[in-house]
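This is final-v5.cif. It holds mmCIF, C-alpha atoms, pLDDT in the B column; chains and numbers go by the auth columns.
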```
data_upload
#
loop_
_atom_site.group_PDB
_atom_site.id
_atom_site.type_symbol
_atom_site.label_atom_id
_atom_site.label_comp_id
_atom_site.label_asym_id
_atom_site.label_seq_id
_atom_site.Cartn_x
_atom_site.Cartn_y
_atom_site.Cartn_z
_atom_site.B_iso_or_equiv
_atom_site.auth_seq_id
_atom_site.auth_asym_id
ATOM 1 C CA GLN A 1 -4.274 -4.357 -26.718 78.00 292 D
ATOM 2 C CA LYS A 2 -5.179 -8.036 -26.508 80.00 293 D
ATOM 3 C CA ASP A 3 -2.247 -10.209 -25.409 77.00 294 D
ATOM 4 C CA ALA A 4 -0.003 -7.139 -24.871 83.00 295 D
ATOM 5 C CA ALA A 5 0.697 -8.060 -21.246 88.00 296 D
ATOM 6 C CA ASN A 6 1.907 -11.412 -19.989 88.00 297 D
ATOM 7 C CA GLY A 7 1.234 -12.714 -16.504 90.00 298 D
ATOM 8 C CA ASN A 8 2.990 -15.689 -14.969 91.00 299 D
ATOM 9 C CA THR A 9 2.407 -18.244 -12.269 92.00 300 D
ATOM 10 C CA SER A 10 5.983 -19.289 -11.536 94.00 301 D
ATOM 11 C CA THR A 11 9.568 -18.104 -11.622 94.00 302 D
ATOM 12 C CA LYS A 12 10.241 -20.591 -14.414 95.00 303 D
ATOM 13 C CA GLU A 13 7.495 -19.005 -16.516 95.00 304 D
ATOM 14 C CA LEU A 14 8.875 -15.529 -15.740 94.00 305 D
ATOM 15 C CA GLU A 15 12.294 -16.675 -16.963 95.00 306 D
ATOM 16 C CA LYS A 16 10.784 -17.902 -20.263 95.00 307 D
ATOM 17 C CA GLN A 17 9.099 -14.527 -20.733 93.00 308 D
ATOM 18 C CA LEU A 18 12.322 -12.623 -20.030 94.00 309 D
ATOM 19 C CA ASN A 19 14.147 -14.817 -22.563 93.00 310 D
ATOM 20 C CA ASN A 20 11.510 -14.086 -25.224 91.00 311 D
ATOM 21 C CA SER A 21 12.337 -10.885 -27.146 87.00 312 D
ATOM 22 C CA LYS A 22 8.648 -10.502 -28.056 87.00 313 D
ATOM 23 C CA SER A 23 7.620 -10.157 -24.407 88.00 314 D
ATOM 24 C CA ARG A 24 7.239 -6.428 -23.796 88.00 315 D
ATOM 25 C CA ILE A 25 4.981 -6.172 -20.749 91.00 316 D
ATOM 26 C CA ILE A 26 5.380 -8.763 -18.033 92.00 317 D
ATOM 27 C CA ILE A 27 3.247 -8.797 -14.905 91.00 318 D
ATOM 28 C CA THR A 28 4.797 -10.631 -11.986 89.00 319 D
ATOM 29 C CA THR A 29 5.378 -10.392 -8.258 86.00 320 D
ATOM 30 C CA ILE A 30 8.420 -9.026 -6.490 86.00 321 D
ATOM 31 C CA GLN A 31 8.915 -12.490 -4.974 89.00 322 D
ATOM 32 C CA LYS A 32 9.164 -14.158 -8.412 91.00 323 D
ATOM 33 C CA LEU A 33 11.511 -11.432 -9.607 92.00 324 D
ATOM 34 C CA ALA A 34 13.715 -11.881 -6.534 91.00 325 D
ATOM 35 C CA ASN A 35 13.770 -15.670 -7.089 93.00 326 D
ATOM 36 C CA PHE A 36 14.684 -15.103 -10.751 95.00 327 D
ATOM 37 C CA ILE A 37 17.610 -12.886 -9.696 95.00 328 D
ATOM 38 C CA LYS A 38 18.912 -15.535 -7.287 94.00 329 D
ATOM 39 C CA LYS A 39 18.739 -18.258 -9.954 95.00 330 D
ATOM 40 C CA ASN A 40 20.061 -16.085 -12.824 95.00 331 D
ATOM 41 C CA PRO A 41 22.864 -13.832 -11.577 94.00 332 D
ATOM 42 C CA ASP A 42 24.218 -12.986 -15.072 94.00 333 D
ATOM 43 C CA HIS A 43 21.091 -12.718 -17.243 96.00 334 D
ATOM 44 C CA ASP A 44 21.116 -10.326 -20.241 94.00 335 D
ATOM 45 C CA ILE A 45 17.983 -8.553 -18.977 95.00 336 D
ATOM 46 C CA TYR A 46 20.044 -6.777 -16.315 96.00 337 D
ATOM 47 C CA ARG A 47 21.851 -4.734 -18.991 95.00 338 D
ATOM 48 C CA LYS A 48 18.695 -3.731 -20.895 94.00 339 D
ATOM 49 C CA GLU A 49 16.439 -0.746 -20.233 93.00 340 D
ATOM 50 C CA VAL A 50 13.631 -1.915 -17.982 93.00 341 D
ATOM 51 C CA VAL A 51 10.652 -0.114 -16.504 92.00 342 D
ATOM 52 C CA MET A 52 9.327 -1.607 -13.271 90.00 343 D
ATOM 53 C CA ILE A 53 5.998 -0.582 -11.828 86.00 344 D
ATOM 54 C CA PHE A 54 5.169 -1.745 -8.324 83.00 345 D
ATOM 55 C CA ASP A 55 1.686 -1.684 -6.874 81.00 346 D
ATOM 56 C CA GLU A 56 1.355 -1.574 -3.093 77.00 347 D
ATOM 57 C CA CYS A 57 4.949 -0.373 -3.071 76.00 348 D
ATOM 58 C CA HIS A 58 4.782 0.610 0.601 68.00 349 D
ATOM 59 C CA ARG A 59 4.736 -3.102 1.437 67.00 350 D
ATOM 60 C CA SER A 60 7.337 -4.454 -0.948 69.00 351 D
ATOM 61 C CA GLN A 61 10.093 -1.933 -1.464 71.00 352 D
ATOM 62 C CA PHE A 62 11.899 -1.592 1.829 70.00 353 D
ATOM 63 C CA GLY A 63 13.687 -4.920 2.169 76.00 354 D
ATOM 64 C CA ASP A 64 16.191 -7.329 0.673 83.00 355 D
ATOM 65 C CA MET A 65 14.198 -8.030 -2.493 84.00 356 D
ATOM 66 C CA HIS A 66 14.211 -4.361 -3.486 84.00 357 D
ATOM 67 C CA THR A 67 17.939 -4.139 -2.783 86.00 358 D
ATOM 68 C CA ALA A 68 18.620 -7.228 -4.908 90.00 359 D
ATOM 69 C CA ILE A 69 16.617 -5.792 -7.821 89.00 360 D
ATOM 70 C CA THR A 70 18.282 -2.379 -7.766 89.00 361 D
ATOM 71 C CA LYS A 71 21.760 -3.906 -7.452 93.00 362 D
ATOM 72 C CA ARG A 72 21.305 -6.357 -10.315 95.00 363 D
ATOM 73 C CA PHE A 73 19.545 -4.191 -12.912 94.00 364 D
ATOM 74 C CA LYS A 74 21.744 -1.492 -14.454 94.00 365 D
ATOM 75 C CA LYS A 75 19.258 0.546 -16.537 93.00 366 D
ATOM 76 C CA TYR A 76 15.989 0.659 -14.679 92.00 367 D
ATOM 77 C CA TYR A 77 13.155 3.074 -14.007 90.00 368 D
ATOM 78 C CA LEU A 78 11.053 2.492 -10.913 86.00 369 D
ATOM 79 C CA PHE A 79 7.487 3.652 -10.421 86.00 370 D
ATOM 80 C CA GLY A 80 5.567 2.851 -7.267 82.00 371 D
ATOM 81 C CA PHE A 81 1.853 3.095 -6.598 83.00 372 D
ATOM 82 C CA THR A 82 0.633 3.196 -3.046 78.00 373 D
ATOM 83 C CA GLY A 83 -2.360 4.261 -1.068 74.00 374 D
ATOM 84 C CA THR A 84 -0.208 4.230 2.048 71.00 375 D
ATOM 85 C CA PRO A 85 3.031 6.135 1.473 71.00 376 D
ATOM 86 C CA ILE A 86 5.609 5.921 4.231 69.00 377 D
ATOM 87 C CA PHE A 87 6.327 9.457 5.484 68.00 378 D
ATOM 88 C CA VAL A 88 7.247 8.793 9.096 68.00 379 D
ATOM 89 C CA GLU A 89 10.401 10.469 10.312 60.00 380 D
ATOM 90 C CA ASN A 90 13.150 8.525 12.084 53.00 381 D
ATOM 91 C CA ILE A 91 12.804 5.374 10.002 64.00 382 D
ATOM 92 C CA LEU A 92 15.377 3.943 7.641 62.00 383 D
ATOM 93 C CA LYS A 93 13.575 4.746 4.384 74.00 384 D
ATOM 94 C CA THR A 94 10.488 6.540 3.189 78.00 385 D
ATOM 95 C CA THR A 95 8.594 6.054 -0.061 79.00 386 D
ATOM 96 C CA GLU A 96 10.334 9.160 -1.424 82.00 387 D
ATOM 97 C CA ASP A 97 13.766 7.708 -0.518 79.00 388 D
ATOM 98 C CA VAL A 98 13.058 4.662 -2.672 78.00 389 D
ATOM 99 C CA PHE A 99 11.149 6.197 -5.597 79.00 390 D
ATOM 100 C CA GLY A 100 12.141 9.848 -5.570 82.00 391 D
ATOM 101 C CA LYS A 101 9.835 12.836 -5.632 86.00 392 D
ATOM 102 C CA ARG A 102 6.133 12.049 -5.941 85.00 393 D
ATOM 103 C CA LEU A 103 4.875 12.474 -9.503 85.00 394 D
ATOM 104 C CA HIS A 104 1.195 12.714 -8.670 86.00 395 D
ATOM 105 C CA ALA A 105 -1.264 12.356 -5.829 85.00 396 D
ATOM 106 C CA TYR A 106 -4.793 11.075 -6.311 84.00 397 D
ATOM 107 C CA THR A 107 -6.790 11.312 -3.121 83.00 398 D
ATOM 108 C CA ILE A 108 -10.070 9.813 -1.996 80.00 399 D
ATOM 109 C CA VAL A 109 -11.596 13.256 -2.575 83.00 400 D
ATOM 110 C CA ASP A 110 -10.472 13.060 -6.225 87.00 401 D
ATOM 111 C CA ALA A 111 -11.825 9.536 -6.557 86.00 402 D
ATOM 112 C CA ILE A 112 -15.238 10.546 -5.197 85.00 403 D
ATOM 113 C CA ARG A 113 -15.376 13.575 -7.524 88.00 404 D
ATOM 114 C CA ASP A 114 -14.470 11.353 -10.505 90.00 405 D
ATOM 115 C CA HIS A 115 -17.067 8.720 -9.508 89.00 406 D
ATOM 116 C CA ASN A 116 -14.359 6.061 -9.181 87.00 407 D
ATOM 117 C CA VAL A 117 -15.537 5.022 -5.725 84.00 408 D
ATOM 118 C CA LEU A 118 -18.916 4.918 -4.073 81.00 409 D
ATOM 119 C CA LYS A 119 -19.830 8.022 -2.136 75.00 410 D
ATOM 120 C CA PHE A 120 -19.772 7.765 1.604 73.00 411 D
ATOM 121 C CA ARG A 121 -20.510 10.045 4.470 71.00 412 D
ATOM 122 C CA VAL A 122 -18.367 10.341 7.540 72.00 413 D
ATOM 123 C CA ALA A 123 -20.081 11.210 10.799 74.00 414 D
ATOM 124 C CA TYR A 124 -18.088 11.748 13.950 75.00 415 D
ATOM 125 C CA ILE A 125 -20.040 10.451 16.910 76.00 416 D
ATOM 126 C CA SER A 126 -18.506 10.534 20.358 75.00 417 D
ATOM 127 C CA THR A 127 -18.849 7.186 22.069 72.00 418 D
ATOM 128 C CA MET A 128 -17.205 8.133 25.341 68.00 419 D
ATOM 129 C CA LYS A 129 -17.980 11.172 27.483 68.00 420 D
ATOM 130 C CA GLU A 130 -16.040 12.588 30.366 66.00 421 D
ATOM 131 C CA LYS A 131 -17.955 13.507 33.472 67.00 422 D
ATOM 132 C CA GLU A 132 -18.330 17.234 34.001 72.00 423 D
ATOM 133 C CA ASN A 133 -16.158 19.044 36.536 70.00 424 D
ATOM 134 C CA VAL A 134 -13.440 16.370 36.523 65.00 425 D
ATOM 135 C CA LYS A 135 -9.924 17.672 36.133 64.00 426 D
ATOM 136 C CA ASP A 136 -7.664 15.752 33.743 60.00 427 D
ATOM 137 C CA ASP A 137 -5.085 15.047 36.448 59.00 428 D
ATOM 138 C CA GLN A 138 -7.715 12.980 38.289 53.00 429 D
ATOM 139 C CA VAL A 139 -8.214 10.596 35.346 55.00 430 D
ATOM 140 C CA TRP A 140 -4.720 10.412 33.857 56.00 431 D
ATOM 141 C CA GLY A 141 -4.529 6.681 34.504 59.00 432 D
ATOM 142 C CA ILE A 142 -7.754 5.687 32.722 65.00 433 D
ATOM 143 C CA GLU A 143 -7.501 2.404 30.877 74.00 434 D
ATOM 144 C CA GLU A 144 -8.526 3.686 27.446 75.00 435 D
ATOM 145 C CA GLU A 145 -8.344 0.296 25.722 80.00 436 D
ATOM 146 C CA GLU A 146 -10.507 -1.272 28.417 83.00 437 D
ATOM 147 C CA ALA A 147 -13.040 1.548 28.075 81.00 438 D
ATOM 148 C CA LEU A 148 -13.126 1.192 24.274 83.00 439 D
ATOM 149 C CA LYS A 149 -13.728 -2.562 24.550 87.00 440 D
ATOM 150 C CA ASP A 150 -16.438 -2.245 27.188 88.00 441 D
ATOM 151 C CA ASP A 151 -19.533 -4.268 26.214 91.00 442 D
ATOM 152 C CA ARG A 152 -21.859 -1.321 26.963 90.00 443 D
ATOM 153 C CA ARG A 153 -19.953 0.920 24.563 87.00 444 D
ATOM 154 C CA ILE A 154 -19.865 -1.732 21.811 90.00 445 D
ATOM 155 C CA THR A 155 -23.600 -2.362 22.222 92.00 446 D
ATOM 156 C CA ASN A 156 -24.314 1.370 21.943 88.00 447 D
ATOM 157 C CA VAL A 157 -22.137 1.729 18.826 88.00 448 D
ATOM 158 C CA ALA A 158 -23.803 -1.265 17.156 91.00 449 D
ATOM 159 C CA GLN A 159 -27.260 0.062 18.017 90.00 450 D
ATOM 160 C CA TYR A 160 -26.384 3.496 16.621 88.00 451 D
ATOM 161 C CA ILE A 161 -25.262 1.902 13.338 87.00 452 D
ATOM 162 C CA LEU A 162 -28.458 -0.155 13.104 90.00 453 D
ATOM 163 C CA ASP A 163 -30.617 2.885 13.861 89.00 454 D
ATOM 164 C CA HIS A 164 -28.897 5.140 11.317 85.00 455 D
ATOM 165 C CA PHE A 165 -27.775 2.727 8.575 82.00 456 D
ATOM 166 C CA ASP A 166 -30.449 3.700 6.048 81.00 457 D
ATOM 167 C CA GLN A 167 -30.010 7.454 6.405 76.00 458 D
ATOM 168 C CA GLN A 168 -29.042 9.374 3.295 63.00 459 D
#
```
Represent the structure of the file as structure tokens.
Amino acid sequence: QKDAANGNTSTKELEKQLNNSKSRIIITTIQKLANFIKKNPDHDIYRKEVVMIFDECHRSQFGDMHTAITKRFKKYYLFGFTGTPIFVENILKTTEDVFGKRLHAYTIVDAIRDHNVLKFRVAYISTMKEKENVKDDQVWGIEEEEALKDDRRITNVAQYILDHFDQQ
């Protein structure tokens, strides 16, 4: 609906929106929200039901700003969207720790099927070959990064792309 959502360009503007009972959907950044919390420790909004939706939540929800938000607000619902969920073991928090069980997954395969992204083809082309009859223990110390950055390899990769770019 036209004018249903309100964006803002400053923390001061965010504060005006939060003070306006007619503001229902407010689009802001986590930084502005964190600044608002610092400047307004006892605002009425903290006691109201609030739904917060974070895009790119894998970048924004693992630090002090997230902690400040969840401490200050009393009745909140968090939803996070990410293309890069944090699953790694042995870290302090994962995406599931912050947001709970995943509600839905929409993969690149789904997006291609639904025509939401351009189709692409993945071809796996080996750009480095081991010599035949060489045992692994003889090359354990190979400088892989140096080999990957070798000018001959980069030239060959670029030439392959140029030669095959127009293929369907």
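The residues returned by the PyMOL selection byres ((chain D and resi 389) around 9) for this structure are Gln352, Phe353, Leu369, Gly371, Lys384, Thr385, Thr386, Glu387, Asp388, Phe390 and Gly391 of chain D.
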For the PyMOL selection byres ((chain D and resi 411) around 12), applied here, can you spell out every residue it catches as number ranges by chain?
D: 399-400, 402-404, 406, 408-410, 412-414, 456, 458-459
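By chain and then residue number, the residues within 12 Å of D:Asp335 are Glu306, Leu309, Asn310, Asn311, Ser312, Ile328, Glu340, Val341, Arg363, Phe364, Lys365 and Lys366 of chain D, counting only C-alpha atoms and disregarding those fewer than 5 positions away in sequence.
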So that I can check the surroundings of stretch 440-453 of chain D, please list as a ChimeraX atom specification every protein, DNA and RNA residue that reaches within 8 Å of it, counting only C-alpha atoms and ignoring chain neighbours fewer than 3 positions away.
/D:418-419,436-437,456
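Here atom CA of D:Pro332 stands at a distance of 21.7 Å from atom CA of D:Phe345.
Pairwise distance (atom CA of D:Ala359, atom CA of D:Asp333) equals 13.0 Å.
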Can you complete the atoms of stretch 360-371 of chain D to N, CA and C atoms and list them as a compact mmCIF listing (two decimals), in the frame of the given file?
```
# COMPACT_ATOMS: atom_id res chain seq x y z
N ILE D 360 17.06 -6.27 -6.50
CA ILE D 360 16.62 -5.79 -7.82
C ILE D 360 17.44 -4.59 -8.26
N THR D 361 17.59 -3.61 -7.38
CA THR D 361 18.28 -2.38 -7.77
C THR D 361 19.79 -2.58 -7.91
N LYS D 362 20.34 -3.60 -7.27
CA LYS D 362 21.76 -3.91 -7.45
C LYS D 362 22.00 -4.62 -8.78
N ARG D 363 21.10 -5.51 -9.14
CA ARG D 363 21.30 -6.36 -10.32
C ARG D 363 21.02 -5.61 -11.62
N PHE D 364 19.90 -4.90 -11.68
CA PHE D 364 19.55 -4.19 -12.91
C PHE D 364 20.38 -2.93 -13.03
N LYS D 365 20.87 -2.65 -14.24
CA LYS D 365 21.74 -1.49 -14.45
C LYS D 365 21.01 -0.30 -15.05
N LYS D 366 19.99 -0.53 -15.87
CA LYS D 366 19.26 0.55 -16.54
C LYS D 366 17.78 0.39 -16.23
N TYR D 367 17.38 0.87 -15.07
CA TYR D 367 15.99 0.66 -14.68
C TYR D 367 15.32 1.97 -14.29
N TYR D 368 14.00 1.97 -14.43
CA TYR D 368 13.16 3.07 -14.01
C TYR D 368 12.11 2.48 -13.08
N LEU D 369 12.01 3.02 -11.89
CA LEU D 369 11.05 2.49 -10.91
C LEU D 369 9.89 3.46 -10.74
N PHE D 370 8.69 2.90 -10.74
CA PHE D 370 7.49 3.65 -10.42
C PHE D 370 6.75 2.86 -9.36
N GLY D 371 6.29 3.53 -8.33
CA GLY D 371 5.57 2.85 -7.27
C GLY D 371 4.21 3.48 -7.05
```
